[in-house]
Every structure is written in structure tokens, then in C-alpha cells.
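As stored in data20.tsv (TSV, C-alpha atoms and all ligand atoms):
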```
chain	number	residue	atom	x	y	z
A	70	MET	CA	57.66	-37.60	-60.28
A	71	PRO	CA	56.68	-40.89	-58.66
A	72	THR	CA	55.51	-40.61	-55.07
A	73	SER	CA	58.03	-43.24	-53.91
A	74	GLU	CA	60.58	-40.47	-54.38
A	75	TYR	CA	58.49	-38.16	-52.23
A	76	ASN	CA	58.34	-40.76	-49.48
A	77	LYS	CA	62.06	-41.58	-49.68
A	78	LYS	CA	62.99	-38.00	-48.95
A	79	ARG	CA	60.91	-37.79	-45.79
A	80	ASP	CA	60.87	-39.30	-42.33
A	81	PHE	CA	57.20	-39.58	-41.48
A	82	SER	CA	57.87	-40.13	-37.80
A	83	LYS	CA	59.10	-36.56	-37.81
A	84	THR	CA	57.24	-34.61	-40.45
A	85	PRO	CA	53.52	-33.90	-40.19
A	86	GLU	CA	53.32	-34.16	-43.98
A	87	PRO	CA	51.16	-36.96	-45.32
A	88	LYS	CA	52.76	-40.12	-46.52
A	89	ALA	CA	52.06	-40.76	-50.18
A	90	SER	CA	50.29	-44.04	-50.75
A	91	ALA	CA	50.39	-45.91	-54.04
A	92	ARG	CA	46.71	-45.09	-54.36
A	93	GLY	CA	47.29	-41.47	-53.50
A	94	ARG	CA	45.89	-39.90	-56.59
A	95	ARG	CA	42.79	-42.00	-56.49
A	96	ILE	CA	42.16	-41.26	-52.83
A	97	LYS	CA	42.69	-37.57	-53.40
A	98	GLU	CA	40.27	-37.55	-56.31
A	99	GLU	CA	37.68	-39.46	-54.42
A	100	LEU	CA	37.85	-37.37	-51.28
A	101	ALA	CA	36.18	-34.72	-53.31
A	102	THR	CA	33.64	-36.93	-55.04
A	103	ILE	CA	30.08	-36.08	-54.23
A	104	PHE	CA	26.76	-37.80	-53.89
A	105	VAL	CA	23.29	-36.39	-53.67
A	106	VAL	CA	19.92	-37.90	-52.86
A	107	GLN	CA	16.96	-35.96	-54.19
A	108	GLU	CA	13.43	-36.59	-53.04
A	109	HIS	CA	11.29	-36.49	-56.14
A	110	SER	CA	7.54	-36.08	-55.85
A	111	ALA	CA	6.79	-37.16	-59.40
A	112	THR	CA	3.82	-39.26	-60.54
A	113	THR	CA	5.38	-41.90	-58.34
A	114	HIS	CA	7.19	-40.55	-55.30
A	115	HIS	CA	10.79	-41.78	-55.17
A	116	TYR	CA	14.32	-40.84	-54.25
A	117	ASP	CA	17.10	-40.29	-56.79
A	118	VAL	CA	20.49	-41.45	-55.56
A	119	ARG	CA	23.35	-39.98	-57.58
A	120	LEU	CA	27.05	-40.68	-57.30
A	121	GLU	CA	29.78	-38.74	-59.03
A	122	ILE	CA	31.65	-41.24	-61.20
A	123	SER	CA	34.03	-40.13	-63.95
A	124	GLY	CA	32.75	-36.58	-63.92
A	125	LYS	CA	29.08	-37.46	-64.22
A	126	LEU	CA	26.32	-38.32	-61.80
A	127	LYS	CA	25.44	-42.00	-62.10
A	128	SER	CA	21.81	-42.13	-61.06
A	129	TRP	CA	19.39	-44.60	-59.54
A	130	ALA	CA	15.72	-44.14	-58.73
A	131	VAL	CA	15.03	-45.74	-55.38
A	132	PRO	CA	11.25	-46.01	-54.90
A	133	LYS	CA	11.35	-46.45	-51.14
A	134	GLY	CA	14.51	-44.46	-50.53
A	135	PRO	CA	17.72	-45.64	-48.87
A	136	SER	CA	17.36	-47.71	-45.70
A	137	LEU	CA	19.75	-47.43	-42.77
A	138	ASP	CA	18.90	-50.99	-41.70
A	139	PRO	CA	21.49	-53.52	-43.01
A	140	SER	CA	18.81	-56.22	-43.23
A	141	VAL	CA	16.78	-54.21	-45.75
A	142	LYS	CA	17.56	-54.23	-49.48
A	143	ARG	CA	16.02	-51.49	-51.55
A	144	LEU	CA	15.34	-51.67	-55.26
A	145	ALA	CA	17.38	-49.06	-57.13
A	146	ILE	CA	16.62	-48.60	-60.81
A	147	LEU	CA	19.52	-47.29	-62.86
A	148	THR	CA	18.52	-44.23	-64.84
A	149	GLU	CA	20.41	-41.96	-67.20
A	150	ASP	CA	23.61	-40.17	-66.22
A	151	HIS	CA	23.02	-36.66	-64.96
A	152	PRO	CA	25.44	-33.73	-65.28
A	153	MET	CA	27.38	-32.70	-62.20
A	154	GLU	CA	25.39	-29.46	-61.94
A	155	TYR	CA	22.32	-31.50	-61.17
A	156	ALA	CA	23.58	-32.07	-57.65
A	157	ASP	CA	22.51	-28.52	-56.81
A	158	PHE	CA	19.08	-28.78	-58.31
A	159	ALA	CA	15.99	-28.35	-56.19
A	160	GLY	CA	12.74	-26.98	-57.51
A	161	THR	CA	9.64	-27.89	-59.41
A	162	ILE	CA	9.68	-29.62	-62.78
A	163	PRO	CA	6.62	-28.22	-64.56
A	164	LYS	CA	3.60	-30.34	-65.50
A	165	GLY	CA	4.02	-32.07	-68.82
A	166	GLN	CA	7.79	-32.22	-68.51
A	167	TYR	CA	9.76	-35.39	-67.91
A	168	GLY	CA	9.72	-36.13	-64.19
A	169	ALA	CA	7.21	-33.39	-63.44
A	170	GLY	CA	6.95	-32.64	-59.75
A	171	LYS	CA	8.90	-31.26	-56.83
A	172	VAL	CA	12.56	-32.10	-56.31
A	173	LYS	CA	14.09	-31.56	-52.89
A	174	ILE	CA	17.64	-32.26	-51.82
A	175	TRP	CA	17.23	-34.96	-49.18
A	176	ASP	CA	20.92	-35.43	-48.48
A	177	ARG	CA	24.26	-34.71	-50.02
A	178	GLY	CA	27.92	-34.84	-49.19
A	179	ASN	CA	31.11	-36.60	-50.17
A	180	TYR	CA	31.70	-40.29	-50.45
A	181	LEU	CA	34.71	-42.59	-50.46
A	182	ASN	CA	35.18	-45.63	-52.64
A	183	ALA	CA	35.41	-48.63	-50.30
A	184	ARG	CA	36.72	-50.99	-52.98
A	185	GLU	CA	40.25	-51.34	-54.30
A	186	CYS	CA	39.27	-50.83	-57.93
A	187	SER	CA	38.18	-47.51	-59.43
A	188	MET	CA	34.58	-46.40	-59.18
A	189	ALA	CA	34.27	-46.73	-62.96
A	190	THR	CA	35.32	-50.38	-62.73
A	191	ALA	CA	33.10	-51.00	-59.70
A	192	PHE	CA	30.18	-49.58	-61.68
A	193	LYS	CA	30.99	-51.74	-64.71
A	194	GLN	CA	31.18	-54.80	-62.46
A	195	GLY	CA	27.85	-53.91	-60.92
A	196	LYS	CA	29.30	-53.94	-57.45
A	197	ILE	CA	29.73	-50.55	-55.80
A	198	GLU	CA	30.74	-50.12	-52.18
A	199	VAL	CA	31.03	-46.62	-50.80
A	200	VAL	CA	31.26	-44.77	-47.52
A	201	PHE	CA	28.82	-41.88	-47.45
A	202	LYS	CA	29.64	-38.78	-45.50
A	203	GLY	CA	26.28	-37.08	-45.59
A	204	ARG	CA	23.97	-35.73	-42.93
A	205	LYS	CA	21.53	-38.62	-43.20
A	206	LEU	CA	23.55	-41.21	-45.06
A	207	LYS	CA	26.68	-42.09	-43.12
A	208	GLY	CA	28.84	-45.16	-43.35
A	209	LYS	CA	29.14	-48.02	-45.76
A	210	PHE	CA	26.56	-48.75	-48.43
A	211	ALA	CA	26.47	-51.03	-51.44
A	212	LEU	CA	24.79	-50.79	-54.81
A	213	VAL	CA	24.71	-54.15	-56.52
A	214	ARG	CA	23.36	-55.03	-59.95
A	215	THR	CA	20.75	-57.76	-59.78
A	216	LYS	CA	19.05	-60.03	-62.29
A	217	LEU	CA	15.84	-59.44	-60.35
A	218	GLY	CA	13.07	-58.84	-62.86
A	219	ALA	CA	15.25	-59.88	-65.83
A	220	GLU	CA	12.63	-62.44	-66.86
A	221	THR	CA	10.31	-59.54	-67.60
A	222	GLY	CA	12.98	-57.62	-69.50
A	223	ALA	CA	14.23	-55.35	-66.70
A	224	LYS	CA	17.93	-54.69	-67.19
A	225	ASN	CA	18.50	-51.82	-64.85
A	226	ASN	CA	17.57	-53.24	-61.50
A	227	TRP	CA	20.12	-52.84	-58.73
A	228	LEU	CA	19.81	-53.23	-54.99
A	229	MET	CA	20.92	-50.64	-52.50
A	230	LEU	CA	21.75	-51.70	-49.00
A	231	LYS	CA	23.45	-50.53	-45.85
A	232	MET	CA	26.54	-52.56	-45.03
A	233	HIS	CA	27.89	-53.16	-41.56
A	234	ASP	CA	30.54	-50.61	-40.69
A	235	ASP	CA	33.91	-51.91	-39.54
H	1	MN	MN	13.44	-38.85	-60.31
```

Spit out the file's structure as C-alpha cells when you get a sec.
Ligand code: MN
Amino acid sequence: MPTSEYNKKRDFSKTPEPKASARGRRIKEELATIFVVQEHSATTHHYDVRLEISGKLKSWAVPKGPSLDPSVKRLAILTEDHPMEYADFAGTIPKGQYGAGKVKIWDRGNYLNARECSMATAFKQGKIEVVFKGRKLKGKFALVRTKLGAETGAKNNWLMLKMHDD
């Protein structure tokens, strides 16, 4: 049943029920979408920023970690998708294994898509804007694909930056 029907039947100046927006389903889905930032003490210490997109964790290694200063852009290297379960992982990856070293959860929480398109499309376009609702990361952030380093063959370089909140 289309939500226009739902709205037509209700007077929202009187009922405390929520008004259905055209984007309702998307908003509802994304209210529950999660992010996690794991501090990873591997050979090179870095932070792994992961966003739930289409049922997987899209992942970026951020060598210096996210910055809360809007004037600072941080390199974020796209890495392989991780399964959703990874968001709960903290522990030690044994020596000799890929990414050996300690993994700590640095922050986690939900996020909202701040763009009008879906997160999958935003990812494909290389232009993600989200509102983090974490303990450390709060407010609007962007992850933007960059050609930085392309001349040396790097294809997975993105930039992560804090945006000004409205
Ligand atoms: Mn890592």
C-alpha cells in the first residue's frame, strides 16, 4: 500500500503518528545503519572506518584517523568489504596473519545518509555524506574519492573530512 494512502487517512495536526515521507523506507532503513571505527595496531598503526552499505561494511583504512577539524582532510584508503559481524570485532590478530596486531573498537554507532540518493549510489559516485551518531564521531562527515596518487597507480584513495554542521 503506498504511503500517500496512509497520509490521506490521517490528520497529523491531531495524531502523534509519524507522517510518511516519500523517502520513508529509506530513512527507516538508514536509521538502523551502523558504522564502526576500529583502531588497528598493525605493522602500521591506523584506523579502519566502516560503514554499513547494502548489508556489508564498506571499509577504509585511515592512517591518521578521523579528524574533527573541518579544515583537515584525512587520507582514507578503500579496502575490501567486511561482513556485518566485523563491527563487533575487537581482539588480537595473531602474528603472521593478515593485519596482525590489536584491534580495538574506537567508536561505533548509527549514521544517517545526508544525501538524497541511496548510500549505494553515493558510494558508486565516490561522494558520501553522512551524519555520524557515535560517541566520538558526531555530525556531518564526507568521504570523497580522489585522484590523489593516481599517477603512481593508486586507485583507492579517498579523503575523509568533517563537514560544517547546519
Ligand atoms: Mn586495518

Considering all atoms listed in the file, tabulate each residue of chain A that lies at most 6 Å from ligand MN 1 (chain H) along with its nearest interatomic pair and the corresponding distance in Å to one decimal; arrange the rows by chain and ascending residue number and present them as a tab-separated table.
```
residue	atom	partner	partner_atom	distance
A:His109	CA	H:MN1	MN	5.3
A:Asp117	CA	H:MN1	MN	5.3
A:Ala130	CA	H:MN1	MN	6.0
```

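Distances here use all atoms listed in the file; by that measure, the residue among A:Lys142, A:Lys207, A:Lys231, A:His151 closest to A:Ser123 is A:His151.
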
With a distance cut-off of 8 Å and only C-alpha atoms, select the neighbouring residues of A:Ala183, excluding the residue or stretch itself and same-chain residues fewer than 2 positions from it, and output the selection as a PDB file with C-alpha atoms, in the coordinates of the input.
```pdb
ATOM      1  CA  LEU A 181      34.710 -42.590 -50.460  1.00  0.00           C
ATOM      2  CA  GLU A 185      40.250 -51.340 -54.300  1.00  0.00           C
ATOM      3  CA  GLU A 198      30.740 -50.120 -52.180  1.00  0.00           C
ATOM      4  CA  VAL A 199      31.030 -46.620 -50.800  1.00  0.00           C
ATOM      5  CA  VAL A 200      31.260 -44.770 -47.520  1.00  0.00           C
ATOM      6  CA  LYS A 209      29.140 -48.020 -45.760  1.00  0.00           C
TER       7      LYS A 209
END
```

Nearest to A:Met153 among A:Lys216, A:Lys193, A:Arg119, A:Lys125, with distances taken over all atoms listed in the file: which residue is it?
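When distances to A:Met153 are compared using all atoms listed in the file, the smallest one comes from A:Lys125.
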
Which polymer residues have any atom within 12 Å of an atom of stretch 103-106 of chain A, counting only C-alpha atoms, with same-chain residues fewer than 2 positions away left out, as a ChimeraX atom specification?
/A:98-101,108-109,115-131,134-135,151,153-159,172-182,199-207

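Using all atoms listed in the file, the shortest contact distance between A:His114 and any of A:Lys171, A:Phe210, A:Glu220, A:Leu147 is found at A:Lys171.
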
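Going from atom CA of A:Thr113 to atom CA of A:Ile197 covers 26.0 Å.
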
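What separates atom CA of A:Lys224 from atom CA of A:Leu144 is a distance of 12.6 Å.
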
In Å, with one decimal, what is the gap from atom CA of A:Asp138 to atom CA of A:Trp227?
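So the two atoms, atom CA of A:Asp138 and atom CA of A:Trp227, lie 17.2 Å apart.
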
With 5 Å added on each side, what axis-aligned box encloses every listed atom of stretch 142-150 of chain A? Give the centre and edge lengths in Å to one decimal, as lines of an AutoDock Vina configuration file.
```
center_x = 19.5
center_y = -47.2
center_z = -58.3
size_x = 18.3
size_y = 24.1
size_z = 27.7
```

Written-out stretch 211-225 of chain A (all heavy atoms) as a short mmCIF file (atom, residue, chain, number, x, y, z; two decimals), in the first residue's frame:
```
data_model
loop_
_atom_site.label_atom_id
_atom_site.label_comp_id
_atom_site.auth_asym_id
_atom_site.auth_seq_id
_atom_site.Cartn_x
_atom_site.Cartn_y
_atom_site.Cartn_z
N ALA A 211 32.23 13.69 5.37
CA ALA A 211 32.23 13.28 3.97
C ALA A 211 33.38 12.32 3.71
O ALA A 211 34.44 12.39 4.35
CB ALA A 211 32.36 14.50 3.07
N LEU A 212 33.13 11.42 2.79
CA LEU A 212 34.18 10.55 2.24
C LEU A 212 34.11 10.74 0.73
O LEU A 212 33.07 10.48 0.12
CB LEU A 212 33.92 9.09 2.61
CG LEU A 212 34.45 8.63 3.97
CD1 LEU A 212 33.63 7.48 4.51
CD2 LEU A 212 35.92 8.24 3.88
N VAL A 213 35.18 11.22 0.18
CA VAL A 213 35.18 11.60 -1.23
C VAL A 213 36.33 10.92 -1.96
O VAL A 213 37.48 10.98 -1.51
CB VAL A 213 35.31 13.14 -1.37
CG1 VAL A 213 35.25 13.57 -2.82
CG2 VAL A 213 34.23 13.85 -0.56
N ARG A 214 36.00 10.27 -3.08
CA ARG A 214 37.05 9.62 -3.87
C ARG A 214 37.95 10.68 -4.49
O ARG A 214 37.46 11.72 -4.93
CB ARG A 214 36.43 8.75 -4.96
CG ARG A 214 37.43 7.79 -5.60
CD ARG A 214 36.84 7.07 -6.79
NE ARG A 214 35.82 6.11 -6.44
CZ ARG A 214 34.61 6.04 -7.00
NH1 ARG A 214 34.26 6.90 -7.92
NH2 ARG A 214 33.75 5.12 -6.62
N THR A 215 39.24 10.43 -4.49
CA THR A 215 40.16 11.41 -5.03
C THR A 215 41.11 10.74 -6.03
O THR A 215 41.37 9.53 -5.94
CB THR A 215 40.97 12.07 -3.90
OG1 THR A 215 41.98 12.89 -4.47
CG2 THR A 215 41.63 11.05 -3.00
N LYS A 216 41.60 11.54 -6.96
CA LYS A 216 42.59 11.02 -7.92
C LYS A 216 44.00 11.14 -7.34
O LYS A 216 44.97 10.78 -7.99
CB LYS A 216 42.47 11.77 -9.24
CG LYS A 216 41.19 11.45 -9.98
CD LYS A 216 41.28 11.86 -11.46
CE LYS A 216 40.13 11.31 -12.27
NZ LYS A 216 38.91 12.13 -12.11
N LEU A 217 44.07 11.63 -6.13
CA LEU A 217 45.36 11.78 -5.44
C LEU A 217 46.14 10.47 -5.51
O LEU A 217 45.63 9.43 -5.09
CB LEU A 217 45.08 12.14 -3.98
CG LEU A 217 46.17 12.84 -3.19
CD1 LEU A 217 46.19 14.32 -3.56
CD2 LEU A 217 45.90 12.71 -1.70
N GLY A 218 47.34 10.54 -6.03
CA GLY A 218 48.19 9.34 -6.09
C GLY A 218 47.93 8.47 -7.30
O GLY A 218 48.57 7.43 -7.47
N ALA A 219 46.97 8.87 -8.16
CA ALA A 219 46.62 8.07 -9.33
C ALA A 219 47.81 7.90 -10.27
O ALA A 219 47.96 6.87 -10.93
CB ALA A 219 45.43 8.69 -10.07
N GLU A 220 48.66 8.93 -10.30
CA GLU A 220 49.83 8.87 -11.20
C GLU A 220 50.78 7.74 -10.81
O GLU A 220 51.54 7.26 -11.63
CB GLU A 220 50.55 10.24 -11.23
CG GLU A 220 51.20 10.69 -9.93
CD GLU A 220 50.22 11.27 -8.90
OE1 GLU A 220 49.02 11.40 -9.20
OE2 GLU A 220 50.68 11.59 -7.79
N THR A 221 50.68 7.30 -9.56
CA THR A 221 51.52 6.18 -9.15
C THR A 221 50.71 4.88 -9.05
O THR A 221 51.13 3.92 -8.42
CB THR A 221 52.20 6.47 -7.79
OG1 THR A 221 51.17 6.76 -6.83
CG2 THR A 221 53.15 7.65 -7.86
N GLY A 222 49.52 4.91 -9.66
CA GLY A 222 48.72 3.69 -9.74
C GLY A 222 47.72 3.49 -8.61
O GLY A 222 46.97 2.52 -8.62
N ALA A 223 47.66 4.41 -7.65
CA ALA A 223 46.71 4.26 -6.54
C ALA A 223 45.29 4.53 -7.05
O ALA A 223 45.04 5.54 -7.69
CB ALA A 223 47.05 5.22 -5.42
N LYS A 224 44.40 3.59 -6.80
CA LYS A 224 43.03 3.72 -7.29
C LYS A 224 42.05 3.87 -6.14
O LYS A 224 40.88 4.13 -6.36
CB LYS A 224 42.63 2.46 -8.07
CG LYS A 224 43.23 2.37 -9.45
CD LYS A 224 42.76 1.07 -10.11
CE LYS A 224 43.88 0.49 -10.98
NZ LYS A 224 43.80 -0.97 -11.07
N ASN A 225 42.52 3.61 -4.95
CA ASN A 225 41.58 3.50 -3.83
C ASN A 225 41.71 4.62 -2.81
O ASN A 225 41.33 4.46 -1.66
CB ASN A 225 41.78 2.14 -3.14
CG ASN A 225 41.42 1.00 -4.07
OD1 ASN A 225 40.44 1.10 -4.83
ND2 ASN A 225 42.20 -0.06 -4.05
#
```
